[in-house]
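J.: Following this line is entry12.cif, made up of mmCIF, C-alpha atoms and all ligand atoms:
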data_work
#
loop_
_atom_site.label_atom_id
_atom_site.label_comp_id
_atom_site.auth_asym_id
_atom_site.auth_seq_id
_atom_site.Cartn_x
_atom_site.Cartn_y
_atom_site.Cartn_z
CA MET A 1 -22.00 -2.04 21.66
CA SER A 2 -24.59 0.63 21.02
CA PRO A 3 -23.99 3.07 18.19
CA THR A 4 -26.83 5.32 19.33
CA TYR A 5 -24.77 7.89 21.16
CA PHE A 6 -22.28 8.49 18.37
CA SER A 7 -22.85 10.72 15.38
CA TYR A 8 -21.00 11.34 12.11
CA PRO A 9 -18.00 13.51 11.27
CA ASP A 10 -19.12 17.03 10.44
CA PRO A 11 -20.06 17.48 6.77
CA LYS A 12 -16.96 19.53 5.99
CA LEU A 13 -14.64 16.82 7.27
CA GLN A 14 -16.65 14.14 5.46
CA GLN A 15 -16.33 16.07 2.21
CA GLU A 16 -12.59 16.59 2.64
CA LEU A 17 -11.91 12.91 3.38
CA LYS A 18 -14.15 11.67 0.58
CA THR A 19 -12.61 14.04 -1.98
CA THR A 20 -9.09 12.90 -1.10
CA ALA A 21 -9.97 9.20 -1.09
CA GLU A 22 -11.66 9.48 -4.49
CA ALA A 23 -8.76 11.47 -5.96
CA ILE A 24 -6.31 8.74 -4.89
CA VAL A 25 -8.26 6.09 -6.78
CA ALA A 26 -9.15 8.27 -9.81
CA PRO A 27 -9.55 6.20 -13.01
CA GLY A 28 -6.24 4.99 -14.46
CA LYS A 29 -4.23 6.04 -11.40
CA GLY A 30 -2.74 4.37 -8.36
CA ILE A 31 -0.25 4.76 -5.52
CA LEU A 32 3.54 4.60 -5.53
CA ALA A 33 4.52 3.15 -2.13
CA VAL A 34 7.98 4.39 -1.12
CA ASP A 35 7.58 4.09 2.62
CA GLU A 36 10.41 1.64 3.18
CA THR A 37 11.88 2.13 6.64
CA ASN A 38 15.50 3.30 6.87
CA GLU A 39 16.42 -0.31 7.57
CA GLY A 40 14.37 -1.55 4.60
CA ILE A 41 15.82 0.88 2.07
CA GLY A 42 19.26 0.16 3.51
CA LYS A 43 19.05 -3.38 2.15
CA LEU A 44 18.22 -2.04 -1.31
CA LEU A 45 21.06 0.47 -1.17
CA ALA A 46 23.44 -2.32 -0.15
CA VAL A 47 22.51 -4.31 -3.26
CA VAL A 48 23.61 -1.39 -5.47
CA GLY A 49 26.78 -0.91 -3.42
CA SER A 50 25.67 2.35 -1.75
CA GLN A 51 25.86 3.20 1.91
CA ASN A 52 22.70 3.62 3.94
CA THR A 53 23.11 7.36 4.56
CA GLU A 54 20.42 10.01 4.80
CA ASN A 55 21.75 11.60 1.63
CA ASN A 56 21.64 8.36 -0.38
CA ARG A 57 18.07 7.71 0.75
CA ARG A 58 17.24 11.27 -0.31
CA ARG A 59 18.98 10.91 -3.68
CA TYR A 60 16.98 7.80 -4.47
CA ARG A 61 13.65 9.36 -3.53
CA GLN A 62 14.53 12.49 -5.44
CA LEU A 63 14.99 10.33 -8.54
CA LEU A 64 11.43 9.06 -8.12
CA PHE A 65 9.72 12.37 -7.35
CA THR A 66 11.46 14.39 -10.09
CA THR A 67 10.30 11.98 -12.80
CA ASP A 68 8.52 13.96 -15.52
CA ASN A 69 4.84 13.16 -15.99
CA LEU A 70 4.78 10.90 -12.95
CA CYS A 71 1.29 12.12 -12.14
CA GLU A 72 -0.13 10.66 -15.34
CA HIS A 73 -0.67 7.32 -13.59
CA VAL A 74 0.38 8.07 -10.02
CA SER A 75 -2.14 9.94 -7.89
CA ALA A 76 -0.36 9.58 -4.56
CA VAL A 77 2.85 8.47 -2.84
CA ILE A 78 3.29 6.90 0.60
CA LEU A 79 6.28 8.31 2.45
CA PHE A 80 8.39 7.32 5.43
CA ASP A 81 8.86 9.94 8.18
CA GLU A 82 12.31 11.12 7.11
CA THR A 83 11.22 11.80 3.52
CA VAL A 84 8.54 14.28 4.62
CA TYR A 85 11.27 16.67 5.70
CA GLN A 86 13.77 16.18 2.85
CA LYS A 87 14.49 18.47 -0.09
CA THR A 88 15.75 18.21 -3.67
CA ASP A 89 19.32 19.21 -4.60
CA ASP A 90 17.85 22.66 -5.39
CA GLY A 91 16.39 23.02 -1.92
CA VAL A 92 12.73 22.38 -2.82
CA ARG A 93 10.84 20.45 -0.14
CA PHE A 94 9.71 17.07 -1.52
CA MET A 95 6.26 17.91 -0.13
CA ASP A 96 6.08 21.09 -2.22
CA LEU A 97 7.41 19.33 -5.32
CA LEU A 98 4.77 16.62 -5.04
CA LYS A 99 1.98 19.11 -4.50
CA LYS A 100 3.09 21.07 -7.57
CA LYS A 101 3.02 17.84 -9.56
CA ASN A 102 -0.53 17.16 -8.41
CA ILE A 103 0.55 14.08 -6.43
CA ILE A 104 -0.96 13.58 -2.98
CA PRO A 105 1.54 12.80 -0.21
CA GLY A 106 0.69 10.27 2.50
CA ILE A 107 2.55 8.83 5.46
CA LYS A 108 3.24 5.37 6.88
CA LEU A 109 2.06 5.47 10.50
CA ASP A 110 2.56 1.97 11.88
CA LYS A 111 5.76 1.52 13.83
CA ASP A 112 6.32 -1.97 12.54
CA VAL A 113 5.58 -5.35 14.08
CA VAL A 114 6.30 -7.01 17.41
CA PRO A 115 5.58 -10.63 18.46
CA LEU A 116 2.06 -11.48 19.55
CA PHE A 117 2.52 -13.03 23.01
CA LEU A 118 2.51 -16.87 23.04
CA SER A 119 1.33 -17.09 19.43
CA GLN A 120 2.77 -19.36 16.75
CA ASP A 121 5.10 -16.79 15.29
CA GLU A 122 2.37 -14.18 14.77
CA VAL A 123 2.71 -10.43 15.16
CA THR A 124 0.90 -7.26 16.10
CA THR A 125 1.69 -3.68 15.06
CA GLN A 126 2.60 -0.77 17.29
CA GLY A 127 2.25 3.01 17.12
CA LEU A 128 -1.21 3.81 18.52
CA ASP A 129 -0.13 5.68 21.65
CA ASP A 130 0.93 9.02 20.21
CA LEU A 131 -0.97 8.60 16.95
CA ALA A 132 -3.22 11.70 17.08
CA LYS A 133 -0.20 13.90 17.72
CA ARG A 134 1.75 12.34 14.85
CA CYS A 135 -1.26 12.67 12.51
CA ALA A 136 -1.61 16.37 13.35
CA GLU A 137 2.08 16.96 12.63
CA TYR A 138 2.00 15.17 9.25
CA LYS A 139 -1.19 16.97 8.30
CA LYS A 140 0.56 20.24 9.08
CA GLN A 141 3.43 19.19 6.81
CA GLY A 142 0.99 18.56 3.93
CA CYS A 143 0.09 14.87 4.13
CA ARG A 144 -3.51 14.07 3.25
CA PHE A 145 -3.65 10.36 3.90
CA ALA A 146 -1.92 7.59 5.84
CA LYS A 147 -1.35 3.89 5.75
CA TRP A 148 -0.95 1.22 8.42
CA ARG A 149 0.00 -2.35 7.56
CA CYS A 150 -0.98 -5.44 9.54
CA PRO A 151 0.47 -8.72 8.25
CA LEU A 152 -1.21 -12.10 8.78
CA LYS A 153 0.70 -15.33 8.33
CA ILE A 154 -0.90 -18.49 6.95
CA GLY A 155 0.36 -21.61 8.70
CA GLU A 156 -1.18 -24.90 9.77
CA HIS A 157 -2.92 -23.21 12.72
CA THR A 158 -2.62 -19.56 11.75
CA PRO A 159 -3.83 -16.88 11.44
CA SER A 160 -5.34 -17.35 14.90
CA VAL A 161 -8.62 -15.78 15.97
CA GLN A 162 -6.53 -13.62 18.31
CA ALA A 163 -4.32 -12.31 15.48
CA ILE A 164 -7.33 -11.55 13.27
CA ASN A 165 -9.16 -9.70 16.05
CA ASP A 166 -6.04 -7.81 16.97
CA MET A 167 -5.47 -6.73 13.35
CA ALA A 168 -9.07 -5.55 13.05
CA GLN A 169 -9.06 -3.60 16.33
CA VAL A 170 -5.71 -1.95 15.67
CA LEU A 171 -6.74 -0.88 12.16
CA GLY A 172 -10.13 0.31 13.44
CA ARG A 173 -8.54 2.46 16.12
CA TYR A 174 -5.89 3.78 13.71
CA ALA A 175 -8.48 4.66 11.06
CA ALA A 176 -10.67 6.53 13.55
CA VAL A 177 -7.73 8.57 14.85
CA CYS A 178 -6.60 9.41 11.30
CA GLN A 179 -10.04 10.69 10.37
CA SER A 180 -10.30 12.73 13.54
CA GLU A 181 -7.13 14.54 12.39
CA GLY A 182 -8.26 14.96 8.77
CA LEU A 183 -6.20 12.18 7.17
CA VAL A 184 -7.70 9.48 4.93
CA PRO A 185 -6.76 6.12 6.45
CA ILE A 186 -5.61 3.36 4.12
CA VAL A 187 -6.15 0.14 6.03
CA GLU A 188 -3.75 -2.59 4.96
CA THR A 189 -4.35 -6.24 5.76
CA ASP A 190 -1.55 -8.24 4.24
CA VAL A 191 -2.18 -11.98 4.12
CA LEU A 192 1.40 -12.95 3.36
CA LEU A 193 2.66 -14.87 0.35
CA ASP A 194 4.90 -16.97 2.64
CA GLY A 195 3.84 -20.62 2.79
CA ASP A 196 2.82 -23.54 0.59
CA HIS A 197 -0.97 -23.21 1.05
CA ASP A 198 -3.26 -23.25 -1.98
CA ILE A 199 -5.42 -20.43 -3.34
CA VAL A 200 -8.58 -21.72 -1.62
CA ARG A 201 -6.91 -21.33 1.76
CA THR A 202 -5.79 -17.80 0.93
CA GLN A 203 -9.27 -16.88 -0.23
CA LYS A 204 -10.93 -18.11 2.96
CA VAL A 205 -8.35 -16.43 5.21
CA THR A 206 -8.67 -13.17 3.25
CA GLU A 207 -12.47 -13.25 3.55
CA ILE A 208 -12.33 -13.86 7.31
CA ALA A 209 -9.77 -11.08 7.78
CA LEU A 210 -11.71 -8.54 5.71
CA ALA A 211 -15.03 -9.40 7.38
CA ALA A 212 -13.45 -8.83 10.80
CA LEU A 213 -11.79 -5.63 9.57
CA TYR A 214 -15.01 -4.02 8.31
CA LYS A 215 -16.91 -5.02 11.45
CA ALA A 216 -14.20 -3.23 13.46
CA LEU A 217 -14.16 -0.17 11.19
CA ASN A 218 -17.89 0.17 11.73
CA ASP A 219 -17.55 -0.37 15.47
CA HIS A 220 -14.97 2.44 15.54
CA HIS A 221 -17.34 4.76 13.62
CA VAL A 222 -14.99 5.07 10.66
CA TYR A 223 -16.48 7.06 7.79
CA LEU A 224 -16.02 4.50 5.02
CA GLU A 225 -16.42 6.94 2.11
CA GLY A 226 -13.30 8.67 3.39
CA SER A 227 -11.14 5.55 3.70
CA LEU A 228 -9.36 3.12 1.37
CA LEU A 229 -8.41 -0.57 1.52
CA LYS A 230 -4.98 -1.98 0.70
CA PRO A 231 -5.26 -5.78 0.67
CA ASN A 232 -3.30 -8.70 -0.72
CA MET A 233 -4.49 -10.31 -3.92
CA VAL A 234 -5.77 -13.86 -3.46
CA THR A 235 -2.96 -16.08 -4.76
CA PRO A 236 -1.56 -19.45 -3.71
CA GLY A 237 1.37 -19.34 -1.27
CA GLN A 238 4.82 -18.84 -2.71
CA GLY A 239 5.71 -22.51 -2.14
CA CYS A 240 2.45 -24.05 -3.41
CA ALA A 241 3.04 -26.67 -6.12
CA LYS A 242 -0.17 -25.78 -7.95
CA LYS A 243 0.10 -22.48 -9.80
CA ASN A 244 -3.05 -20.63 -10.79
CA THR A 245 -3.80 -18.64 -13.91
CA PRO A 246 -4.28 -14.86 -13.75
CA ARG A 247 -7.99 -15.45 -14.39
CA GLU A 248 -8.30 -17.80 -11.42
CA ILE A 249 -6.41 -15.39 -9.18
CA ALA A 250 -8.57 -12.50 -10.35
CA LEU A 251 -11.82 -14.38 -9.78
CA ALA A 252 -10.78 -15.53 -6.28
CA THR A 253 -9.73 -11.97 -5.40
CA VAL A 254 -12.88 -10.28 -6.66
CA THR A 255 -15.07 -12.95 -5.03
CA ALA A 256 -13.39 -12.44 -1.64
CA LEU A 257 -13.77 -8.66 -1.88
CA ARG A 258 -17.42 -8.79 -3.00
CA ARG A 259 -18.26 -10.97 -0.01
CA THR A 260 -16.72 -8.70 2.59
CA VAL A 261 -16.03 -5.09 1.53
CA PRO A 262 -18.81 -2.48 1.80
CA ALA A 263 -19.82 -0.58 -1.34
CA ALA A 264 -19.49 2.76 0.49
CA MET A 265 -15.69 2.39 0.49
CA PRO A 266 -14.38 4.00 -2.74
CA GLY A 267 -11.28 2.05 -3.63
CA VAL A 268 -9.11 -1.01 -3.30
CA ALA A 269 -5.39 -0.43 -3.93
CA PHE A 270 -3.55 -3.75 -3.85
CA LEU A 271 -0.08 -4.34 -2.41
CA SER A 272 2.30 -6.39 -4.57
CA GLY A 273 3.64 -8.52 -1.72
CA GLY A 274 6.65 -10.02 -3.53
CA GLN A 275 5.10 -10.66 -6.95
CA SER A 276 7.28 -9.80 -9.92
CA GLU A 277 6.57 -6.49 -11.64
CA GLU A 278 4.93 -8.20 -14.58
CA GLN A 279 2.84 -10.57 -12.42
CA ALA A 280 1.51 -7.67 -10.34
CA THR A 281 0.44 -5.88 -13.53
CA VAL A 282 -1.06 -8.94 -15.23
CA TYR A 283 -3.06 -9.90 -12.12
CA LEU A 284 -4.37 -6.36 -11.64
CA ASN A 285 -5.42 -6.30 -15.26
CA ALA A 286 -7.21 -9.66 -14.91
CA ILE A 287 -8.94 -8.40 -11.74
CA ASN A 288 -10.33 -5.48 -13.70
CA GLN A 289 -11.57 -7.81 -16.41
CA VAL A 290 -13.62 -10.08 -14.13
CA ASN A 291 -17.18 -10.06 -15.31
CA LEU A 292 -18.80 -9.40 -11.92
CA TYR A 293 -20.13 -6.14 -10.52
CA THR A 294 -17.62 -4.31 -8.32
CA PRO A 295 -18.57 -1.01 -6.67
CA TRP A 296 -15.01 0.15 -5.94
CA ALA A 297 -12.03 1.24 -8.03
CA LEU A 298 -9.48 -1.60 -8.21
CA THR A 299 -5.96 -0.24 -8.54
CA PHE A 300 -2.37 -0.51 -7.31
CA SER A 301 -0.39 0.62 -4.29
CA TYR A 302 2.85 -1.10 -5.13
CA GLY A 303 6.26 -0.84 -3.54
CA ARG A 304 8.53 -3.54 -4.91
CA ALA A 305 6.53 -4.09 -8.13
CA LEU A 306 7.02 -0.44 -9.15
CA GLN A 307 10.62 -0.08 -8.07
CA ALA A 308 12.56 -3.26 -8.84
CA SER A 309 13.53 -2.11 -12.35
CA VAL A 310 14.26 1.40 -11.09
CA TRP A 311 16.75 0.07 -8.55
CA LYS A 312 18.37 -2.23 -11.08
CA THR A 313 18.78 0.56 -13.64
CA TRP A 314 19.82 3.32 -11.23
CA ALA A 315 22.42 1.15 -9.50
CA GLY A 316 23.27 4.08 -7.22
CA LYS A 317 24.76 6.20 -10.04
CA ASP A 318 23.75 9.75 -10.99
CA GLU A 319 24.39 9.10 -14.68
CA ASN A 320 21.60 6.47 -14.67
CA VAL A 321 18.89 8.68 -13.19
CA LYS A 322 17.11 9.45 -16.48
CA LYS A 323 17.11 5.81 -17.59
CA ALA A 324 15.80 4.72 -14.19
CA GLN A 325 13.02 7.30 -14.37
CA LEU A 326 11.95 5.84 -17.73
CA GLU A 327 11.71 2.42 -16.07
CA LEU A 328 9.46 3.91 -13.40
CA LEU A 329 7.22 5.44 -16.06
CA LYS A 330 6.98 2.12 -17.92
CA ARG A 331 5.68 0.39 -14.81
CA THR A 332 3.31 3.16 -13.73
CA LYS A 333 1.86 3.27 -17.23
CA ALA A 334 1.46 -0.52 -17.38
CA ASN A 335 -0.31 -0.52 -14.01
CA GLY A 336 -2.42 2.50 -14.91
CA LEU A 337 -3.68 0.57 -17.92
CA ALA A 338 -4.15 -2.56 -15.79
CA SER A 339 -6.30 -0.60 -13.35
CA LEU A 340 -8.66 -0.07 -16.29
CA GLY A 341 -8.36 -3.66 -17.53
CA LYS A 342 -6.59 -2.40 -20.66
CA TYR A 343 -3.06 -3.76 -20.26
CA GLN A 344 -2.01 -5.71 -23.35
CA GLY A 345 1.16 -7.26 -21.91
CA SER A 346 4.36 -7.93 -23.82
CA GLY A 347 4.63 -4.29 -25.04
CA VAL A 348 6.39 -3.37 -21.82
CA SER A 349 9.77 -4.88 -21.14
CA SER A 350 11.24 -3.75 -17.84
CA ALA A 351 14.73 -4.22 -16.47
CA ALA A 352 13.46 -6.54 -13.71
CA GLY A 353 9.99 -7.28 -15.12
CA GLY A 354 9.80 -11.04 -14.70
CA LYS A 355 11.97 -11.38 -11.61
CA SER A 356 10.25 -12.42 -8.38
CA ASN A 357 10.46 -9.84 -5.61
CA PHE A 358 9.63 -12.38 -2.93
CA SER A 359 11.76 -12.69 0.17
CA ALA A 360 10.69 -14.78 3.17
CA ASN A 361 9.64 -12.74 6.22
CA HIS A 362 10.05 -9.54 4.21
CA LYS A 363 10.62 -6.43 6.28
CA TYR A 364 9.63 -3.08 4.78
P1 LIG B 401 4.84 -4.10 -1.82
O1 LIG B 401 4.05 -3.72 -3.05
O2 LIG B 401 6.31 -4.17 -2.04
O3 LIG B 401 4.28 -5.33 -1.15
O4 LIG B 401 4.69 -2.90 -0.81
C1 LIG B 401 3.42 -2.52 -0.43
C2 LIG B 401 3.45 -1.80 0.85
O5 LIG B 401 2.73 -2.09 1.75
C3 LIG B 401 4.34 -0.68 1.02
O6 LIG B 401 3.53 0.39 1.47
#
Once more with this new file: its structure as structure tokens, please.
Ligand code: 13P
T.:
Amino acid sequence: MSPTYFSYPDPKLQQELKTTAEAIVAPGKGILAVDETNEGIGKLLAVVGSQNTENNRRRYRQLLFTTDNLCEHVSAVILFDETVYQKTDDGVRFMDLLKKKNIIPGIKLDKDVVPLFLSQDEVTTQGLDDLAKRCAEYKKQGCRFAKWRCPLKIGEHTPSVQAINDMAQVLGRYAAVCQSEGLVPIVETDVLLDGDHDIVRTQKVTEIALAALYKALNDHHVYLEGSLLKPNMVTPGQGCAKKNTPREIALATVTALRRTVPAAMPGVAFLSGGQSEEQATVYLNAINQVNLYTPWALTFSYGRALQASVWKTWAGKDENVKKAQLELLKRTKANGLASLGKYQGSGVSSAAGGKSNFSANHKY
């Protein structure tokens, strides 16, 4: 493949993408991921005894976005399609509210997973066909970035070469289309927590996946300064008998990233993947304390690990909104500190802090 006949995005587009990417990973800030599908949030609503209606989904997201001072440690939120068009009780578009609060809205663009033909239970993601059109529409609505998640499963013979190549090509194509429409692509490779493999296996798989991903991003002429990475942390599988310390997890994670992720890319925003709220914070803190040079910001883009206590406290009831918002602020503050390596632990007790958020074959 010859790169000779391709050039670079025009300087204005480069500047726009780079400015947005850097703002998302500004020091002490990270991303609140609330892009659960209608099916995904439906399960959470069921737990608190609420019906999965458009209004209940809106009420929950309104709770999050109307939290005072949310922008202190949250630079950006990832939304699901429906949320882009919803309004507060007072008729203010969520998009306008977020903008006023200095929080950058982004959009989930993958249309979930489908089986990878003849594989051992592996998947691919869909949504590329009409992607440019969808990007243009979300950009018009005010989104400035996007995310696309590709999961990889560790098993005895997986992830296969086919699944890794597929993940890399799909994310490369997605990222290029996003940039062509003025959205910063967050590329998400999620080496799943499911399994009883040890940390060494996760590290090697993560390195192979990220190496393939960045080869593909370069092949697709993605402007790295205007992109972000959302990877898993390197931990042992959920069922592994040997548990590792936060320091070991941090060192394995930073080592894998240093071996594979270009310095031109401004920031790594980890997914929480089923870790408890406290684990996700403690690991992020340890990652930022590793005594090795890292050229990127290392921060959070958590879904479950920012919202478990909020759900528990809200419990579907309007009278609990304020208390639930305080829970959200506790977690965003803890993770903001962790993204600087300054989290002291213990000071923060959250409603669901120590509880695992893992569920096998989790669907967002
Ligand atoms: P979790 O932090 O719950 O794994 O969610 C991350 C994510 O990908 C949602 O955008």
J.: As number ranges by chain, please: the residues near Ile287 of chain A (cut-off 7 Å, all atoms listed in the file, same-chain neighbours under 5 positions excluded).
T.: A: 250-251, 254
J.: At what distance in Å, to one decimal, does atom CA of Val200 of chain A lie from atom CA of Tyr214 of chain A?
T.: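 Computed distance, atom CA of Tyr214 of chain A to atom CA of Val200 of chain A, equals 21.3 Å.
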J.: Can you build me a table of chain A residues sitting at most 9 Å from ligand LIG 401 (chain B), with the closest atom pair per residue and its distance in Å to one decimal, using only C-alpha atoms and all ligand atoms, sorted by chain and residue number, as a Markdown table?
T.:
| residue | atom | partner | partner_atom | distance |
| --- | --- | --- | --- | --- |
| A:Leu32 | CA | B:LIG401 | O6 | 8.2 |
| A:Ala33 | CA | B:LIG401 | O6 | 4.6 |
| A:Val34 | CA | B:LIG401 | O6 | 6.5 |
| A:Asp35 | CA | B:LIG401 | O6 | 5.6 |
| A:Glu36 | CA | B:LIG401 | C3 | 6.8 |
| A:Ile78 | CA | B:LIG401 | O6 | 6.6 |
| A:Leu79 | CA | B:LIG401 | O6 | 8.4 |
| A:Lys108 | CA | B:LIG401 | O6 | 7.4 |
| A:Lys147 | CA | B:LIG401 | O6 | 7.4 |
| A:Trp148 | CA | B:LIG401 | O5 | 8.3 |
| A:Arg149 | CA | B:LIG401 | O5 | 6.4 |
| A:Glu188 | CA | B:LIG401 | O5 | 7.2 |
| A:Asp190 | CA | B:LIG401 | O5 | 7.9 |
| A:Lys230 | CA | B:LIG401 | O5 | 7.8 |
| A:Pro231 | CA | B:LIG401 | O5 | 8.9 |
| A:Asn232 | CA | B:LIG401 | O3 | 8.3 |
| A:Phe270 | CA | B:LIG401 | O1 | 7.6 |
| A:Leu271 | CA | B:LIG401 | O1 | 4.2 |
| A:Ser272 | CA | B:LIG401 | O1 | 3.5 |
| A:Gly273 | CA | B:LIG401 | O3 | 3.3 |
| A:Gly274 | CA | B:LIG401 | O3 | 5.8 |
| A:Gln275 | CA | B:LIG401 | O3 | 7.9 |
| A:Ala280 | CA | B:LIG401 | O1 | 8.7 |
| A:Phe300 | CA | B:LIG401 | O1 | 8.3 |
| A:Ser301 | CA | B:LIG401 | C1 | 6.3 |
| A:Tyr302 | CA | B:LIG401 | O1 | 3.6 |
| A:Gly303 | CA | B:LIG401 | O2 | 3.7 |
| A:Arg304 | CA | B:LIG401 | O2 | 3.7 |
| A:Ala305 | CA | B:LIG401 | O1 | 5.7 |
| A:Leu306 | CA | B:LIG401 | O1 | 7.5 |
| A:Gln307 | CA | B:LIG401 | O2 | 8.5 |
| A:Asn357 | CA | B:LIG401 | O2 | 7.9 |
| A:Phe358 | CA | B:LIG401 | O2 | 8.9 |
| A:His362 | CA | B:LIG401 | O3 | 8.9 |
| A:Tyr364 | CA | B:LIG401 | C3 | 6.9 |
J.: What does the structure give for the distance between atom CA of Pro9 of chain A and atom CA of Asp96 of chain A, in Å to one decimal?
T.: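 Answer for the atom CA of Pro9 of chain A to atom CA of Asp96 of chain A separation: 28.6 Å.
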J.: Quick one: 4 Å padding each side, axis-aligned, all listed atoms of segment 152-161 of chain A - centre and edge lengths in Å to one decimal, as JSON?
T.:
{"center_x": -4.0, "center_y": -18.5, "center_z": 11.5, "size_x": 17.3, "size_y": 20.8, "size_z": 17.0}
J.: Just checking: using only C-alpha atoms, which residue out of A:Asp90, A:Glu278, A:Asp129, A:Asp194 ends up closest to Cys240 of chain A?
T.: A:Asp194
J.: Counting all atoms listed in the file, figure out which residue out of A:Glu207, A:Glu72, A:Asp166, A:Asp10 gets nearest to Ile103 of chain A.
T.: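 Once distances to Ile103 of chain A are computed over all atoms listed in the file, the minimum belongs to A:Glu72.
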J.: Between atom CA of Thr83 of chain A and atom CA of Thr67 of chain A, measure the distance and give it in Å to one decimal.
T.: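 Computed distance, atom CA of Thr83 of chain A to atom CA of Thr67 of chain A, equals 16.3 Å.
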J.: Which residue is closest to Lys322 of chain A? Choose from A:Gln179, A:Leu118, A:Gln51, A:Asp68 and count only C-alpha atoms.
T.: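 Answer, going by the shortest atom-to-atom distance: A:Asp68.
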